[in-house]
Structures are given as structure tokens and as C-alpha cells.
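Undergrad: My questions will all concern the structure given below.
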Amino acid sequence: MTPRRAYLDYNASAPMLPQVVEALSSVFAQPGNASSVHGEGRHYRKLIEAARAQVAQLVNADSDSVIFTGSATEAANLALTPNIYSDGKSRPASKLYVLGTEHPCVLTGGRFAAHDIVHVPVHKNGVVDLEALQALLAASGDQVPYLAIQLVNSETGVIQPVAEAAKMVRLRGGYVLCDAVQAVGRIKVDVKELGVDFVMLSAHKIGGPQGVGALVSAHSVLSIPPAIKGGGQESNRRAGTENTAGIVGFGVAAEFAAEVAAQFAATGDGKFLQTIALRDSIEEQLLPICADNGLGDRLVIFGSDAERVGNTCLFSINGLNAETALIAFDLDGVAVSSGSACSSGKVGSSHVLQAMGVAPELARGAIRLSLGWNSTQEDVAHFEKSFRRIVARLAEMSDIKVAGAA
């Protein structure tokens, strides 16, 4: 029998929902191409448009505003262009403003030239410095700004004041792209309330399949040139035969995520309460376990003094090596990560923590836990048992274990 494992890396990729697996199997069982005019093709087209409506509903957008892509990274590269048209007239952006904590697909700037990218500082807790942003925008004069900002950081879970930042940019006639990949299904996401122009999403972060994402345009008057040219798919906005099965799975996962958000909206919280309870129970044990081994003063939970989503915890113990710890956790049957899953399996220094001003020796030991729809108390207990062993070894190596500590 295979030993039970605790999967605590939902921010990298959530397990597929059972209803998504069922939907994929149904599509795979029948042939078709959504661009064909015969019955099979029309059936595929119907499936895609139904999924488009489901994804649009997830962020309170219009169905025809959704462009399906191969990933959120592709969506970012499609959206991040200075060449924007408003009501058919060219109205290009001059500069791209990005937070240092953004996902790498945003930090690279898409189709903006490197010299046109401006980095916006964040506070030590990872929240954008709105005063600094205002000053940068004011210094730009009459230029048209474009701001790219995450709603929820993938490493810390910190929630950004997107609506406030977007208002600053919109008052100057600029554009805003919101990375909502880690937000949907965890907090309410409404493109109209956020006041943004574009929203990027990913299916596999919410229990859908890998290999499909979306760019949502909040305003029908705005248009951008396609990044992938060829056929006329996605209303000439993204060429290439649609991944019908993946899109259908995305739609099913989006419907589930919308139901989760709606279920808890009445509490005034909008967060997945069960997941919060599990995450909080983990964080409540981190300090006592470290303290039992004389390492209590070395523990840091990043972003804990800011508003965060309830499924994510990024912590470090000064002196801990993340690469060694990840291997130890894995051998114990616990899947965690050292941050964003975008470096081909490499364990390196977090650019997010660097932007937050975290010392390299502390950032080197950062471990991220992220939970979701299938997480259980057994997973939490499994992690805590493994964590206790790892901390005890670290204390012994540090030769600072307190007398009589367990």
C-alpha cells in the first residue's frame, strides 16, 4: 500500500476536482473541432461557449470578454502590450508599472521594452506602497500609465488594495491588469468593483486542468493585438485550435470556485472558511514547535501583519535551508514548496521576499504551505509531525537546543 501523502502545494497546482475529471472524460470520448460547421464541431463550440459563460461569471464579467489561452502566463503576455486601442483608435500606454512581488510572467514586461518598465516598491509586509505609486505616476507627467498588479500574492497570500491602486491609474487615463490567479475561489473577485481593465486567470489553480488560462477584458471598447497569429479563433484575439477539453474543465472549476465564494459572501468574509481554519491551526503550532527546540525567536511568518487569503502560509526559520527542508518533507510524505512554482523545480531565493526587504539568510529558508478544496485535518497533522522532526534536527545542528526541550 502506498503511504498516504499530505499535499500542501495548492498554489502551485490544485488537485483536479472529481467533476472536472468527469467532464474531461466526456469531451475526450467524442471527436470535434469548434471551428467546424458540422454537428460535432457545433457541439464543441457549444461546450466552449458554455465554459466561457462560467469563467465570466466567476469574475462578474460579460461572456464575450473572455479570451481562452494556454496559461495565465500567455494571458499576461497577451495583455502586457503598449499597443492598446480604445473604441478602435490607437491609445498606447507609455510605461508599465509593476510591483517587485509580481509573478515572473508579469515582471518580464510582456511586449513592453525593458526601459519602459518601472518597478513600484512594496512595504515590508508585501503590500504596495500607494504613496510611492502616486509619486511615480505624478512624475510621469502626461504619459499614459499601465499598472500590472496581483490581487493575491502566490507566495505570501497577501491581498493587494487593487481598487485603490487602479483608481490612481485610471484617473490618469491609464490601464490596469489584475493578476487574479491566486484570488478566485478564495476571495470575491469582481472586475467592476476592482476597476481594472484586464484580469488574468488560470484553470489549474482552482481544481481545473493544466494548460488553459484566460484573459478577461472588462471593457468592450478596449482591444489589443493578438500575441499568437494564425486562424480566427477566439474572435481573432488568439489563434490556434481551442483546447476544448481543457476549456470545459476550466468552466466546471470556475463554477465551483464561484459557488465557494458565494457560499461565504454572506459572512462578510468571502473566504473559504474551512481552509482558513486548517491554515490557522498550522500557524498556531509553528511557534510552539520552534520554541520547544529553542528556535522560537528565529521564526518569521511573512505577511502575517497584512490581510491575507486563508489558504497560504509562507514562513522561515533563520538558519533553515529550504532545499534541505523540502527534501526532508518530501521523504516524510509532505508536499510543500519554497515559493512560486515557476523555476523548473529549482529552489532559489524568492524575488518576492527580496522585494519585501527580507535578509538573504532568512529568505533562504522560506517554506510555503498552501491548502485547498481537498485539504484535511490529517494533512495538517502529517505536516506538524514532520515539521517537529525537521526543527529538532535543525536545533541539534545549530547546537542551541534548550536544556530539557522535547
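Simple scheme: letters A, B, ... for chains in C-alpha cells order, numbers from 1 for residues in each chain, numbers from 1 for ligands in the order shown.
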At most 10 Å is the cut-off: for each residue in stretch 356-400 of chain A with any atom that close to an atom of stretch 300-323 of chain A, write down the nearest atom pair and the distance in Å rounded to one decimal, counting only C-alpha atoms, chain first then increasing number, as CSV.

TA:
```
residue,atom,partner,partner_atom,distance
A:Met356,CA,A:Phe302,CA,9.3
A:Val358,CA,A:Phe302,CA,9.3
A:Ala359,CA,A:Asn318,CA,9.6
A:Pro360,CA,A:Asn318,CA,9.8
A:Glu361,CA,A:Asn318,CA,6.6
A:Leu362,CA,A:Asn318,CA,4.9
A:Ala363,CA,A:Ser316,CA,7.0
A:Arg364,CA,A:Asn321,CA,6.0
A:Gly365,CA,A:Ala322,CA,4.3
A:Ala366,CA,A:Ser316,CA,4.4
A:Ile367,CA,A:Phe315,CA,5.5
A:Arg368,CA,A:Leu314,CA,4.3
A:Leu369,CA,A:Cys313,CA,5.2
A:Ser370,CA,A:Thr312,CA,4.5
A:Leu371,CA,A:Asn311,CA,5.0
A:Gly372,CA,A:Asn311,CA,6.6
A:Trp373,CA,A:Asn311,CA,9.8
A:Ser375,CA,A:Asn311,CA,9.8
A:Ile390,CA,A:Leu320,CA,9.4
A:Val391,CA,A:Leu320,CA,8.6
A:Leu394,CA,A:Leu320,CA,7.0
A:Ala395,CA,A:Gly319,CA,9.5
A:Met397,CA,A:Gly319,CA,9.7
A:Ser398,CA,A:Gly319,CA,8.0
```

Undergrad: Take the selection from the previous step and output its residues with N, CA, C and O atoms, as a tab-separated table (two decimals), in the first residue's frame.

TA:
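Generated output (out_36.tsv):
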```tsv
chain	number	residue	atom	x	y	z
A	356	MET	N	10.49	42.56	-0.58
A	356	MET	CA	9.98	42.94	0.74
A	356	MET	C	11.11	43.33	1.69
A	356	MET	O	10.86	43.68	2.84
A	358	VAL	N	13.56	41.32	2.82
A	358	VAL	CA	13.93	40.25	3.75
A	358	VAL	C	15.40	39.90	3.56
A	358	VAL	O	15.88	39.77	2.43
A	359	ALA	N	16.11	39.72	4.66
A	359	ALA	CA	17.53	39.37	4.61
A	359	ALA	C	17.73	38.05	3.88
A	359	ALA	O	16.93	37.11	4.07
A	360	PRO	N	18.78	37.93	3.06
A	360	PRO	CA	19.00	36.70	2.28
A	360	PRO	C	19.07	35.44	3.12
A	360	PRO	O	18.55	34.40	2.73
A	361	GLU	N	19.70	35.51	4.31
A	361	GLU	CA	19.84	34.31	5.14
A	361	GLU	C	18.48	33.84	5.67
A	361	GLU	O	18.29	32.64	5.92
A	362	LEU	N	17.54	34.76	5.84
A	362	LEU	CA	16.19	34.38	6.27
A	362	LEU	C	15.37	33.91	5.08
A	362	LEU	O	14.64	32.91	5.17
A	363	ALA	N	15.49	34.59	3.95
A	363	ALA	CA	14.74	34.21	2.75
A	363	ALA	C	15.15	32.83	2.26
A	363	ALA	O	14.33	32.11	1.66
A	364	ARG	N	16.39	32.45	2.53
A	364	ARG	CA	16.92	31.17	2.05
A	364	ARG	C	16.15	29.98	2.64
A	364	ARG	O	16.13	28.90	2.06
A	365	GLY	N	15.50	30.19	3.77
A	365	GLY	CA	14.79	29.08	4.41
A	365	GLY	C	13.29	29.12	4.25
A	365	GLY	O	12.56	28.39	4.94
A	366	ALA	N	12.79	29.95	3.33
A	366	ALA	CA	11.34	30.14	3.20
A	366	ALA	C	10.64	28.87	2.71
A	366	ALA	O	11.05	28.25	1.73
A	367	ILE	N	9.57	28.50	3.40
A	367	ILE	CA	8.75	27.35	3.06
A	367	ILE	C	7.30	27.82	2.91
A	367	ILE	O	6.78	28.52	3.78
A	368	ARG	N	6.67	27.43	1.80
A	368	ARG	CA	5.27	27.82	1.58
A	368	ARG	C	4.35	26.62	1.70
A	368	ARG	O	4.57	25.58	1.09
A	369	LEU	N	3.29	26.81	2.49
A	369	LEU	CA	2.19	25.85	2.56
A	369	LEU	C	0.98	26.49	1.90
A	369	LEU	O	0.71	27.67	2.13
A	370	SER	N	0.27	25.74	1.11
A	370	SER	CA	-0.97	26.25	0.53
A	370	SER	C	-1.99	25.13	0.45
A	370	SER	O	-1.68	24.02	0.01
A	371	LEU	N	-3.20	25.41	0.92
A	371	LEU	CA	-4.24	24.41	1.05
A	371	LEU	C	-5.40	24.72	0.11
A	371	LEU	O	-5.48	25.79	-0.47
A	372	GLY	N	-6.35	23.75	0.02
A	372	GLY	CA	-7.48	23.96	-0.86
A	372	GLY	C	-8.62	23.00	-0.62
A	372	GLY	O	-8.79	22.47	0.48
A	373	TRP	N	-9.37	22.74	-1.69
A	373	TRP	CA	-10.66	22.07	-1.58
A	373	TRP	C	-10.57	20.66	-0.97
A	373	TRP	O	-11.53	20.19	-0.35
A	375	SER	N	-8.07	19.59	1.21
A	375	SER	CA	-7.20	19.54	2.38
A	375	SER	C	-7.98	19.08	3.61
A	375	SER	O	-9.17	19.37	3.75
A	390	ILE	N	11.93	17.97	11.72
A	390	ILE	CA	12.89	18.81	10.99
A	390	ILE	C	13.44	19.91	11.89
A	390	ILE	O	14.64	20.20	11.87
A	391	VAL	N	12.59	20.51	12.69
A	391	VAL	CA	13.04	21.57	13.60
A	391	VAL	C	13.99	21.01	14.66
A	391	VAL	O	14.99	21.63	15.02
A	394	LEU	N	17.30	20.66	13.08
A	394	LEU	CA	17.92	21.97	12.88
A	394	LEU	C	18.50	22.48	14.20
A	394	LEU	O	19.60	23.02	14.24
A	395	ALA	N	17.77	22.28	15.29
A	395	ALA	CA	18.24	22.72	16.60
A	395	ALA	C	19.52	21.99	16.99
A	395	ALA	O	20.46	22.58	17.54
A	397	MET	N	21.72	20.67	14.93
A	397	MET	CA	22.80	21.16	14.06
A	397	MET	C	23.27	22.54	14.50
A	397	MET	O	24.44	22.89	14.39
A	398	SER	N	22.32	23.34	15.02
A	398	SER	CA	22.66	24.69	15.46
A	398	SER	C	23.32	24.70	16.82
A	398	SER	O	23.87	25.71	17.26
```

Undergrad: Can you list, as a ChimeraX atom specification, all residues belonging to stretch 89-314 of chain A that DSSP tags as strand (DSSP E or B)?

TA: /A:89-90,95-99,117-120,122,128,145-150,152,158-159,175-179,184,187,198-202,213-217,222-223,299-301,308,312-314

Undergrad: From the options A:Asn60, A:Leu107, A:Gln54, A:Ala392, which residue's atoms come nearest to A:Ala291, counting only C-alpha atoms?

TA: A:Ala392

Undergrad: With distances taken over only C-alpha atoms, which residue among A:Glu22, A:Glu164, A:Glu155, A:Asp179 lies nearest A:Val128?

TA: A:Glu164

Undergrad: Do you have, as a Markdown table, the list of residues of stretch 28-130 of chain A lying at most 12 Å from stretch 201-213 of chain A, each with its nearest atom pair and that distance in Å to one decimal, counting only C-alpha atoms and ordered by chain then number?

TA:
```
| residue | atom | partner | partner_atom | distance |
| --- | --- | --- | --- | --- |
| A:Ala51 | CA | A:Ala203 | CA | 11.5 |
| A:Arg52 | CA | A:Gly213 | CA | 11.2 |
| A:Gln54 | CA | A:Ala203 | CA | 11.9 |
| A:Val55 | CA | A:Leu201 | CA | 9.0 |
| A:Ala56 | CA | A:Leu201 | CA | 10.5 |
| A:Leu58 | CA | A:Leu201 | CA | 10.1 |
| A:Val59 | CA | A:Leu201 | CA | 9.7 |
| A:Val66 | CA | A:Gly213 | CA | 9.9 |
| A:Ile67 | CA | A:Gly213 | CA | 8.5 |
| A:Phe68 | CA | A:Gly213 | CA | 5.9 |
| A:Thr69 | CA | A:Gly213 | CA | 4.9 |
| A:Gly70 | CA | A:Val212 | CA | 4.3 |
| A:Ser71 | CA | A:Gly213 | CA | 4.1 |
| A:Ala72 | CA | A:Gly213 | CA | 4.9 |
| A:Thr73 | CA | A:Gly213 | CA | 8.1 |
| A:Glu74 | CA | A:Gly213 | CA | 7.8 |
| A:Ala75 | CA | A:Gly213 | CA | 6.9 |
| A:Ala76 | CA | A:Leu201 | CA | 9.4 |
| A:Asn77 | CA | A:Gly213 | CA | 12.0 |
| A:Leu78 | CA | A:Gly213 | CA | 11.6 |
| A:Ala79 | CA | A:Leu201 | CA | 11.9 |
```

Undergrad: Between atom CA of A:Val196 and atom CA of A:Gln160, what is the distance in Å, rounded to a tenth?

TA: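 Rounded to one decimal, the two atoms are 13.2 Å apart.
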
Undergrad: Can you work out which one of A:Thr275, A:Ser63, A:Asn11, A:Ser386 has the shortest atom-to-atom distance to A:His219, counting only C-alpha atoms?

TA: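 Nearest candidate to A:His219 out of A:Thr275, A:Ser63, A:Asn11, A:Ser386: A:Ser63.
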
Undergrad: If you measure from atom CA of A:Glu255 to atom CA of A:His43, what distance in Å do you get, rounded to one decimal?

TA: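 Spanning atom CA of A:Glu255 to atom CA of A:His43 is a straight-line distance of 20.2 Å.
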
Undergrad: Quick one: residues within 10 Å of A:Leu287, only C-alpha atoms counted, chain neighbours fewer than 5 positions away excluded, as a list of chain:residue names?

TA: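 Using only C-alpha atoms, the neighbours found are A:Ile282, A:Asp292, A:Asn293, A:Leu295, A:Gly296, A:Asp297, A:Arg298, A:Leu299, A:Val300, A:Ile301.
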
Undergrad: Taking only C-alpha atoms into account, name the residue in A:Ala258, A:Phe28, A:Ser154, A:Pro226 that is nearest to A:Ala53.

TA: A:Ala258

Undergrad: Atom CA of A:Ile276 and atom CA of A:Val252 are how many Å apart?

TA: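 Atom CA of A:Val252 lies at a distance of 23.4 Å from atom CA of A:Ile276.
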
Undergrad: Restricting the calculation to only C-alpha atoms, which member of A:Leu136, A:Lys167, A:Gly357, A:Pro225 is positioned closest to A:Glu193?

TA: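 Among A:Leu136, A:Lys167, A:Gly357, A:Pro225, it is A:Lys167 that comes nearest to A:Glu193.
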
Undergrad: Please list as a list in words every residue within 7 Å of A:Pro145, counting only C-alpha atoms and excluding residues in the same chain fewer than 6 positions away.

TA: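 Listed by chain and then number, they are Ala93, Ser94, Lys95, Leu96, Val169, Gly174 and Tyr175 of chain A.
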
Undergrad: Could you please write out, as a ChimeraX atom specification, every residue of stretch 176-371 of chain A that DSSP assigns to helix (DSSP H, G or I)?

TA: /A:191-194,233-236,244-265,273-292,296-298,322-331,351-355,360-363
